[in-house]
Amino acid sequence: MRACVVAAMLIAAVVAAGAVEAGPADTPGFTKAFSCSACHGRAGASRADAVPVLAGMPTWYFKKAIADYAAGRRPSAEMEPFSKMVQTLGVDDIAAYFAAQPREPSPLGVQRAASVNGRGVASQCAGCHGADGRGDETKGAPPLAGQPPGYLLNQMKLFKAEKRSPGDANLAAVKAVMKGLDDATLADLAAYYSSLGR
Amino acid sequence: MARITRREFLRASGTAVAVAGFAGCASRGDAPTATSSPNDLAPNRKGRRVVVIGGGWGGATAAKYVRMQDPSIEVIMLEPNKRFVSCPFSNLVLSAVRSIGSLTFNYGALREQHGVRIMHDTATALEPDARRVRVGSGFLTYDRVIVAPGIEFQAEQIDGLTEAGDRVLHAWKAGPQTVALARQLKEMPDGGVFVLSIPPAAYRCPPGPYERACQVAWYLKTHKPRAKLLVLDANQNVISKPALFRAAWQAYPNLEYRASSKVTKVDPSAREVTTDFGDKVRYDVVNVIPPQRAGAIAVQADLVGADKRWCEVNHVTYESVKAKDVHVVGDATIGIPAPKSGTVANSMGKIAATVVVSLLNGRPAPEMPPINTCYSWVSNTEAMAVINAYRIENGKVVQIEQKLTPGQSTLYAQHATAWATSIWSDILA
């Protein structure tokens, strides 16, 4: 009897060991995407304020961002070279890898008062980005919920200053909203969208 | 202090090893004697084992990524230091913008979350034919070894530097010397001269000395307005981001930069350095960053090339061109067109780990290029960067593009902080 229990435990242990042996290397895209974790966090779950969360990002938006960075439409000293590298390695594999990772909202705290103020302004954004901030591919609107507040604020400032996608007619409405808001209000908006989905 | 016999010392060492998780030595009971053959510090009964020599940016990353990708492989990491102190950002300790504590981490998560067995000891020799690493009087066997030894200083190349001991600091391995140099800077009289000596390339962190110049100059400008920084560079020009650094230095009239000024002698009694042109320069505080080569184990194991300094490796597998089943990553390598930076070491660590896991599982090694980002702080609030992207072409790493930030800014300082936060986790958490 006792031998049976030990044998069963051994089998359970072997099965368990077998289960964990399927490491992340077996996940398609892991090897191509692991360079990104130096800045974007483990499996794209950025814990930093200035760097976006890639985990759970829809493939259509990941690929658009890579194309825009590589072409210089989103000027970035860091992301222009790395986007070209992503394209060389295969953007489809890397986009699919990040889309398959569980979405992990930024852990960075936001002031409740700022978030409440931002909510009041967000009605102008909800038409495309959704009331829940989950985005809408048909409108070309990416998900904003749970992104770090610093990243969201920096992007809004770039839109406002015509430094991101300059001259893009599809973004004229977005930029008009940004240009009508002062930086403190943009920060409130960033706090609100960052707080969603947590 | 009580006198400790050799036998007691060895027994105590054995106990310490057992506490660290190595049953082999202590359970056998007998301490080795001078005449006995070396003992196996951790008999390998499990099958596949990777030994990682060095727990810095490349080694700790490699250890973690082997375990992440195949937990059935045993990983033993040899690292003499109990704590990891980040070299990147350590120039900010000199300017008192950051504390050394904010750059100091432990290896707990590697051990507990990832199951890396860590031995705080030094590899003393490598025996590739026997696939053994010698550690003191014992050895560890391996299936593959990843050597990440960092750098060692060639103090003998500067007259008087070895004899000077702690009176002349390098502060080029972050830790006690960083703190000591910060103290010397703080205690330097207003009106004094700080001399910074930069070695000829190649050395660890190409922009590092120029960032250090910015931090020392910023500190002096802020706290000792009559003091001066003199930079003596063995190279013919600033070797990394020259236009950006020279632009940043416009803010520091207290900084004098002299190219092609190689320090050949230091005399701490006279508080004087001599350059290869015979110029003698008096200092109040001196910081000599000595010429460098691969860490001692790489030299001892003859993994270095004809220059006796750096290790040539296969661009895809990071296997040494001189020894089988021996992979080398990080600052110790040469030939891959990527700088000796923390990001590159981290990148090489991941790639080498993936290669080793693949080969041990009978799969072909994937072809992955490294990446590079080097952020440099030019004041207490602003930074700038160089970025390099690569691809593999015919088995060699080639650069796709190098890009510089258009200038210095607080935004790039935000990015620098984000990078540090993320990459420290990537290495250790």
# chains A, B, ... in the order shown; residues from 1 in each chain; ligands from 1
>>> closest_atom_pairs(of="chain B", to="chain A", cutoff="7 Å", atoms="only C-alpha atoms", output="tab-separated table")
residue	atom	partner	partner_atom	distance
B:Met68	CA	A:Gly23	CA	6.5
B:Gln69	CA	A:Gly23	CA	4.6
B:Asp70	CA	A:Gly23	CA	5.6
B:Pro71	CA	A:Glu21	CA	6.1
B:Ser72	CA	A:Glu21	CA	6.5
B:Ser347	CA	A:Ser35	CA	6.4
B:Ile371	CA	A:Ser35	CA	6.9
B:Ile387	CA	A:Glu78	CA	5.9
B:Asn388	CA	A:Pro81	CA	6.7
B:Ala389	CA	A:Pro81	CA	5.4
B:Tyr390	CA	A:Met85	CA	6.6
B:Arg391	CA	A:Met85	CA	6.9
B:Glu401	CA	A:Pro81	CA	5.7
B:Gln402	CA	A:Pro81	CA	6.9
B:Lys403	CA	A:Ala77	CA	5.9
B:Leu404	CA	A:Ala77	CA	6.1
B:Thr405	CA	A:Ala77	CA	5.1
B:Gln414	CA	A:Ala50	CA	6.2
B:His415	CA	A:Ala50	CA	6.0
B:Ala418	CA	A:Ala48	CA	5.0
B:Trp419	CA	A:Cys39	CA	4.8
B:Thr421	CA	A:Ala48	CA	6.6
B:Ser422	CA	A:Cys39	CA	5.1
B:Ile423	CA	A:Ala38	CA	4.5
B:Asp426	CA	A:Ala38	CA	6.2
>>> write_last_selection(atoms="C-alpha atoms", output="short mmCIF file (atom, residue, chain, number, x, y, z; two decimals), in the first residue's frame")
data_model
loop_
_atom_site.label_atom_id
_atom_site.label_comp_id
_atom_site.auth_asym_id
_atom_site.auth_seq_id
_atom_site.Cartn_x
_atom_site.Cartn_y
_atom_site.Cartn_z
CA MET B 68 12.87 29.76 -17.65
CA GLN B 69 13.11 27.85 -20.89
CA ASP B 70 13.86 24.41 -19.53
CA PRO B 71 13.45 23.84 -15.79
CA SER B 72 14.72 20.26 -16.17
CA SER B 347 20.88 40.36 -24.77
CA ILE B 371 20.16 44.69 -29.33
CA ILE B 387 20.51 52.73 -30.06
CA ASN B 388 21.73 49.88 -32.24
CA ALA B 389 19.64 47.25 -34.02
CA TYR B 390 21.17 44.16 -35.62
CA ARG B 391 20.39 41.18 -37.82
CA GLU B 401 20.90 50.85 -37.96
CA GLN B 402 22.45 53.05 -35.30
CA LYS B 403 20.46 56.04 -34.12
CA LEU B 404 21.15 58.80 -31.65
CA THR B 405 18.57 60.76 -29.75
CA GLN B 414 12.40 59.13 -18.18
CA HIS B 415 13.23 56.54 -20.80
CA ALA B 418 12.26 53.01 -17.48
CA TRP B 419 15.01 51.03 -19.18
CA THR B 421 13.79 49.46 -14.01
CA SER B 422 12.86 46.96 -16.69
CA ILE B 423 16.27 45.51 -17.39
CA ASP B 426 14.82 41.14 -16.66
#
>>> select_by_dssp(residues="region 4-195 of chain B", states="alpha helix (DSSP H)", output="ChimeraX atom specification")
/B:6-19,23-28,57-69,91-94,108-112,161-164,176-187
>>> write_last_selection(atoms="C-alpha atoms", output="CSV table (one decimal), in the first residue's frame")
chain,number,residue,atom,x,y,z
B,6,ARG,CA,43.5,24.4,7.5
B,7,ARG,CA,41.3,21.4,8.3
B,8,GLU,CA,38.9,23.5,10.3
B,9,PHE,CA,38.8,26.1,7.5
B,10,LEU,CA,38.1,23.5,4.9
B,11,ARG,CA,35.4,22.0,7.1
B,12,ALA,CA,33.8,25.4,7.6
B,13,SER,CA,34.0,26.1,3.9
B,14,GLY,CA,32.3,22.7,3.2
B,15,THR,CA,29.5,23.6,5.7
B,16,ALA,CA,29.0,27.0,4.0
B,17,VAL,CA,28.8,25.2,0.6
B,18,ALA,CA,26.2,22.8,2.1
B,19,VAL,CA,24.1,25.7,3.4
B,23,ALA,CA,25.2,18.6,-0.3
B,24,GLY,CA,28.2,16.9,-1.9
B,25,CYS,CA,31.0,18.3,0.2
B,26,ALA,CA,29.5,18.3,3.7
B,27,SER,CA,27.7,14.9,3.5
B,28,ARG,CA,30.9,13.1,2.7
B,57,TRP,CA,24.4,41.4,-16.6
B,58,GLY,CA,25.2,38.6,-19.0
B,59,GLY,CA,25.7,35.7,-16.5
B,60,ALA,CA,22.7,36.3,-14.3
B,61,THR,CA,20.5,36.8,-17.4
B,62,ALA,CA,21.8,33.6,-18.9
B,63,ALA,CA,21.2,31.6,-15.7
B,64,LYS,CA,17.6,32.8,-15.4
B,65,TYR,CA,16.8,32.3,-19.1
B,66,VAL,CA,18.1,28.7,-19.1
B,67,ARG,CA,15.8,27.9,-16.2
B,68,MET,CA,12.9,29.8,-17.7
B,69,GLN,CA,13.1,27.9,-20.9
B,91,ASN,CA,27.9,57.6,-12.3
B,92,LEU,CA,24.9,59.2,-10.6
B,93,VAL,CA,26.2,58.1,-7.3
B,94,LEU,CA,29.3,60.3,-7.8
B,108,GLY,CA,17.0,35.9,-4.1
B,109,ALA,CA,14.6,35.7,-7.0
B,110,LEU,CA,17.1,33.9,-9.2
B,111,ARG,CA,17.4,31.3,-6.4
B,112,GLU,CA,13.8,31.1,-5.2
B,161,LEU,CA,48.9,52.1,-10.2
B,162,THR,CA,49.3,48.7,-8.6
B,163,GLU,CA,51.4,50.2,-5.8
B,164,ALA,CA,48.9,53.0,-5.3
B,176,PRO,CA,32.7,50.2,-2.6
B,177,GLN,CA,35.0,52.1,-4.9
B,178,THR,CA,32.0,54.1,-6.3
B,179,VAL,CA,31.1,55.2,-2.8
B,180,ALA,CA,34.7,56.0,-2.0
B,181,LEU,CA,35.2,58.1,-5.1
B,182,ALA,CA,31.9,60.0,-4.3
B,183,ARG,CA,33.3,60.7,-0.9
B,184,GLN,CA,36.6,62.0,-2.3
B,185,LEU,CA,34.7,64.3,-4.7
B,186,LYS,CA,32.5,65.6,-1.9
B,187,GLU,CA,35.5,66.3,0.3
>>> residues_around(residues="Asp93 (chain A)", least_positions_apart="3", cutoff="6 Å", atoms="only C-alpha atoms", output="ChimeraX atom specification")
/A:29,90,96
>>> write_last_selection(atoms="N, CA and C atoms", output="CSV table (one decimal), in the first residue's frame")
chain,number,residue,atom,x,y,z
A,29,GLY,N,7.3,32.8,-31.1
A,29,GLY,CA,7.6,34.2,-31.0
A,29,GLY,C,8.3,34.5,-29.7
A,90,GLY,N,10.3,39.3,-38.2
A,90,GLY,CA,9.0,38.8,-38.5
A,90,GLY,C,8.0,39.4,-37.6
A,96,ALA,N,1.8,38.4,-32.6
A,96,ALA,CA,1.0,37.3,-32.1
A,96,ALA,C,1.5,36.9,-30.7
>>> atom_distance(atom1="CA of Arg167 (chain B)", atom2="CA of Ser95 (chain B)")
20.0 Å
>>> select_by_dssp(residues="region 158-314 of chain B", states="strand (DSSP E or B)", output="PyMOL selection string")
chain B and resi 159+169+193-198+228-233+255-258+263-267+272-275+280-282+285-288+292-294+304+311-313
>>> residues_around(residues="region 182-191 of chain A", least_positions_apart="4", cutoff="10 Å", atoms="only C-alpha atoms", output="CSV table (one decimal) with N, CA and C atoms, in the first residue's frame")
chain,number,residue,atom,x,y,z
A,108,LEU,N,1.3,51.2,-11.7
A,108,LEU,CA,1.7,52.5,-11.2
A,108,LEU,C,0.4,53.2,-10.7
A,109,GLY,N,0.5,53.8,-9.5
A,109,GLY,CA,-0.7,54.4,-8.9
A,109,GLY,C,-1.0,55.7,-9.6
A,110,VAL,N,-2.3,56.1,-9.7
A,110,VAL,CA,-2.8,57.4,-10.2
A,110,VAL,C,-3.6,58.0,-9.1
A,111,GLN,N,-3.6,59.3,-9.1
A,111,GLN,CA,-4.3,60.1,-8.1
A,111,GLN,C,-5.8,60.0,-8.5
A,112,ARG,N,-6.6,59.7,-7.4
A,112,ARG,CA,-8.1,59.5,-7.7
A,112,ARG,C,-8.7,60.8,-8.2
A,113,ALA,N,-8.3,61.9,-7.7
A,113,ALA,CA,-8.8,63.2,-8.1
A,113,ALA,C,-8.5,63.5,-9.6
A,114,ALA,N,-7.3,63.1,-10.0
A,114,ALA,CA,-6.9,63.3,-11.4
A,114,ALA,C,-7.7,62.4,-12.3
A,115,SER,N,-7.9,61.1,-11.8
A,115,SER,CA,-8.7,60.2,-12.6
A,115,SER,C,-10.1,60.6,-12.8
A,116,VAL,N,-10.7,61.2,-11.7
A,116,VAL,CA,-12.1,61.7,-11.8
A,116,VAL,C,-12.2,62.9,-12.7
A,117,ASN,N,-11.2,63.8,-12.7
A,117,ASN,CA,-11.2,64.9,-13.6
A,117,ASN,C,-11.1,64.4,-15.0
A,118,GLY,N,-10.2,63.4,-15.2
A,118,GLY,CA,-10.0,62.9,-16.6
A,118,GLY,C,-11.3,62.2,-17.1
A,119,ARG,N,-12.0,61.6,-16.2
A,119,ARG,CA,-13.3,60.9,-16.7
A,119,ARG,C,-14.2,61.9,-17.3
A,120,GLY,N,-14.2,63.1,-16.7
A,120,GLY,CA,-15.1,64.2,-17.2
A,120,GLY,C,-14.8,64.6,-18.6
A,121,VAL,N,-13.5,64.5,-18.9
A,121,VAL,CA,-13.1,64.9,-20.3
A,121,VAL,C,-13.2,63.8,-21.3
A,122,ALA,N,-13.1,62.5,-20.8
A,122,ALA,CA,-13.0,61.4,-21.6
A,122,ALA,C,-14.2,61.1,-22.5
A,125,CYS,N,-13.4,61.1,-26.0
A,125,CYS,CA,-12.6,60.0,-26.6
A,125,CYS,C,-13.4,58.7,-26.7
A,144,LEU,N,-6.5,51.8,-24.6
A,144,LEU,CA,-5.8,52.7,-23.8
A,144,LEU,C,-5.8,52.2,-22.3
A,145,ALA,N,-6.8,51.4,-22.0
A,145,ALA,CA,-7.0,51.0,-20.6
A,145,ALA,C,-5.7,50.3,-20.0
A,146,GLY,N,-5.3,50.8,-18.9
A,146,GLY,CA,-4.2,50.1,-18.1
A,146,GLY,C,-2.8,50.5,-18.6
A,147,GLN,N,-2.7,51.3,-19.6
A,147,GLN,CA,-1.3,51.7,-20.0
A,147,GLN,C,-0.8,52.6,-19.0
A,148,PRO,N,0.6,52.7,-18.9
A,148,PRO,CA,1.2,53.6,-17.8
A,148,PRO,C,0.8,55.0,-18.1
A,149,PRO,N,0.5,55.8,-17.0
A,149,PRO,CA,0.1,57.2,-17.2
A,149,PRO,C,1.1,58.0,-17.9
A,150,GLY,N,2.4,57.8,-17.7
A,150,GLY,CA,3.5,58.6,-18.3
A,150,GLY,C,3.5,58.4,-19.8
A,151,TYR,N,3.3,57.1,-20.2
A,151,TYR,CA,3.3,56.8,-21.6
A,151,TYR,C,2.1,57.5,-22.3
A,152,LEU,N,0.9,57.4,-21.7
A,152,LEU,CA,-0.2,58.0,-22.3
A,152,LEU,C,-0.1,59.5,-22.4
A,153,LEU,N,0.4,60.2,-21.4
A,153,LEU,CA,0.6,61.6,-21.4
A,153,LEU,C,1.6,62.0,-22.5
A,154,ASN,N,2.8,61.3,-22.5
A,154,ASN,CA,3.8,61.6,-23.6
A,154,ASN,C,3.2,61.6,-25.0
A,155,GLN,N,2.4,60.5,-25.2
A,155,GLN,CA,1.8,60.4,-26.6
A,155,GLN,C,0.8,61.6,-26.9
A,156,MET,N,0.0,61.9,-25.9
A,156,MET,CA,-0.9,63.0,-26.1
A,156,MET,C,-0.2,64.3,-26.4
A,157,LYS,N,0.9,64.5,-25.7
A,157,LYS,CA,1.7,65.7,-25.9
A,157,LYS,C,2.3,65.7,-27.3
A,160,LYS,N,-0.4,66.6,-29.7
A,160,LYS,CA,-0.7,68.1,-29.6
A,160,LYS,C,0.4,68.9,-30.3
A,177,VAL,N,-8.7,67.5,-30.4
A,177,VAL,CA,-9.1,67.3,-29.0
A,177,VAL,C,-7.9,67.7,-28.1
A,178,MET,N,-6.7,67.1,-28.5
A,178,MET,CA,-5.5,67.4,-27.7
A,178,MET,C,-5.2,68.9,-27.6
A,195,SER,N,-6.2,54.1,-15.2
A,195,SER,CA,-6.9,53.4,-14.1
A,195,SER,C,-7.9,52.4,-14.6
A,196,LEU,N,-8.3,52.5,-15.8
A,196,LEU,CA,-9.3,51.5,-16.3
A,196,LEU,C,-8.8,50.1,-16.5
>>> residues_around(residues="Pro143 (chain A)", least_positions_apart="2", cutoff="8 Å", atoms="only C-alpha atoms", output="list in words")
Met57, His129, Gly133, Arg134, Gly135, Asp136, Ala141 and Ala145 of chain A
>>> write_last_selection(atoms="C-alpha atoms", output="PDB file, in the first residue's frame")
ATOM      1  CA  MET A  57      -2.031  44.315 -27.340  1.00  0.00           C
ATOM      2  CA  HIS A 129     -11.726  54.306 -27.800  1.00  0.00           C
ATOM      3  CA  GLY A 133     -10.962  52.241 -23.100  1.00  0.00           C
ATOM      4  CA  ARG A 134     -10.677  48.898 -24.876  1.00  0.00           C
ATOM      5  CA  GLY A 135     -10.365  50.497 -28.329  1.00  0.00           C
ATOM      6  CA  ASP A 136     -11.986  49.682 -31.650  1.00  0.00           C
ATOM      7  CA  ALA A 141      -8.530  53.361 -32.084  1.00  0.00           C
ATOM      8  CA  ALA A 145      -6.977  51.012 -20.576  1.00  0.00           C
TER       9      ALA A 145
END
>>> atom_distance(atom1="CA of Tyr283 (chain B)", atom2="CA of Ala270 (chain B)")
9.0 Å
>>> closest_residue(among="B:Ala202, B:Leu196, B:Leu232, B:Val356", to="Tyr318 (chain B)", atoms="only C-alpha atoms")
B:Val356
>>> residues_around(residues="Val398 (chain B)", least_positions_apart="5", cutoff="10 Å", atoms="only C-alpha atoms", output="MDAnalysis selection string")
chainID B and resid 315 336:338 369:370 389:393
>>> write_last_selection(atoms="C-alpha atoms", output="tab-separated table (two decimals), in the first residue's frame")
chain	number	residue	atom	x	y	z
B	315	HIS	CA	28.07	35.16	-33.65
B	336	ILE	CA	30.50	41.13	-32.64
B	337	PRO	CA	29.89	44.72	-33.80
B	338	ALA	CA	28.11	45.68	-30.58
B	369	PRO	CA	20.81	39.07	-33.09
B	370	PRO	CA	21.49	41.18	-29.98
B	389	ALA	CA	19.64	47.25	-34.02
B	390	TYR	CA	21.17	44.16	-35.62
B	391	ARG	CA	20.39	41.18	-37.82
B	392	ILE	CA	22.21	37.95	-38.60
B	393	GLU	CA	23.59	37.65	-42.12
>>> atom_distance(atom1="CA of Glu272 (chain B)", atom2="CA of Gly175 (chain B)")
25.3 Å
>>> closest_residue(among="B:Ala213, B:Val168, B:Ala323, B:Ala301", to="Val378 (chain B)", atoms="only C-alpha atoms")
B:Ala213
>>> residues_around(residues="Val50 (chain B)", least_positions_apart="6", cutoff="9 Å", atoms="only C-alpha atoms", output="list in words")
Ala63, Val66, Ile73, Glu74, Val75, Ile76, Met77, Thr141, Tyr142, Asp143, Arg144, Val145, Ile146 and Val356 of chain B
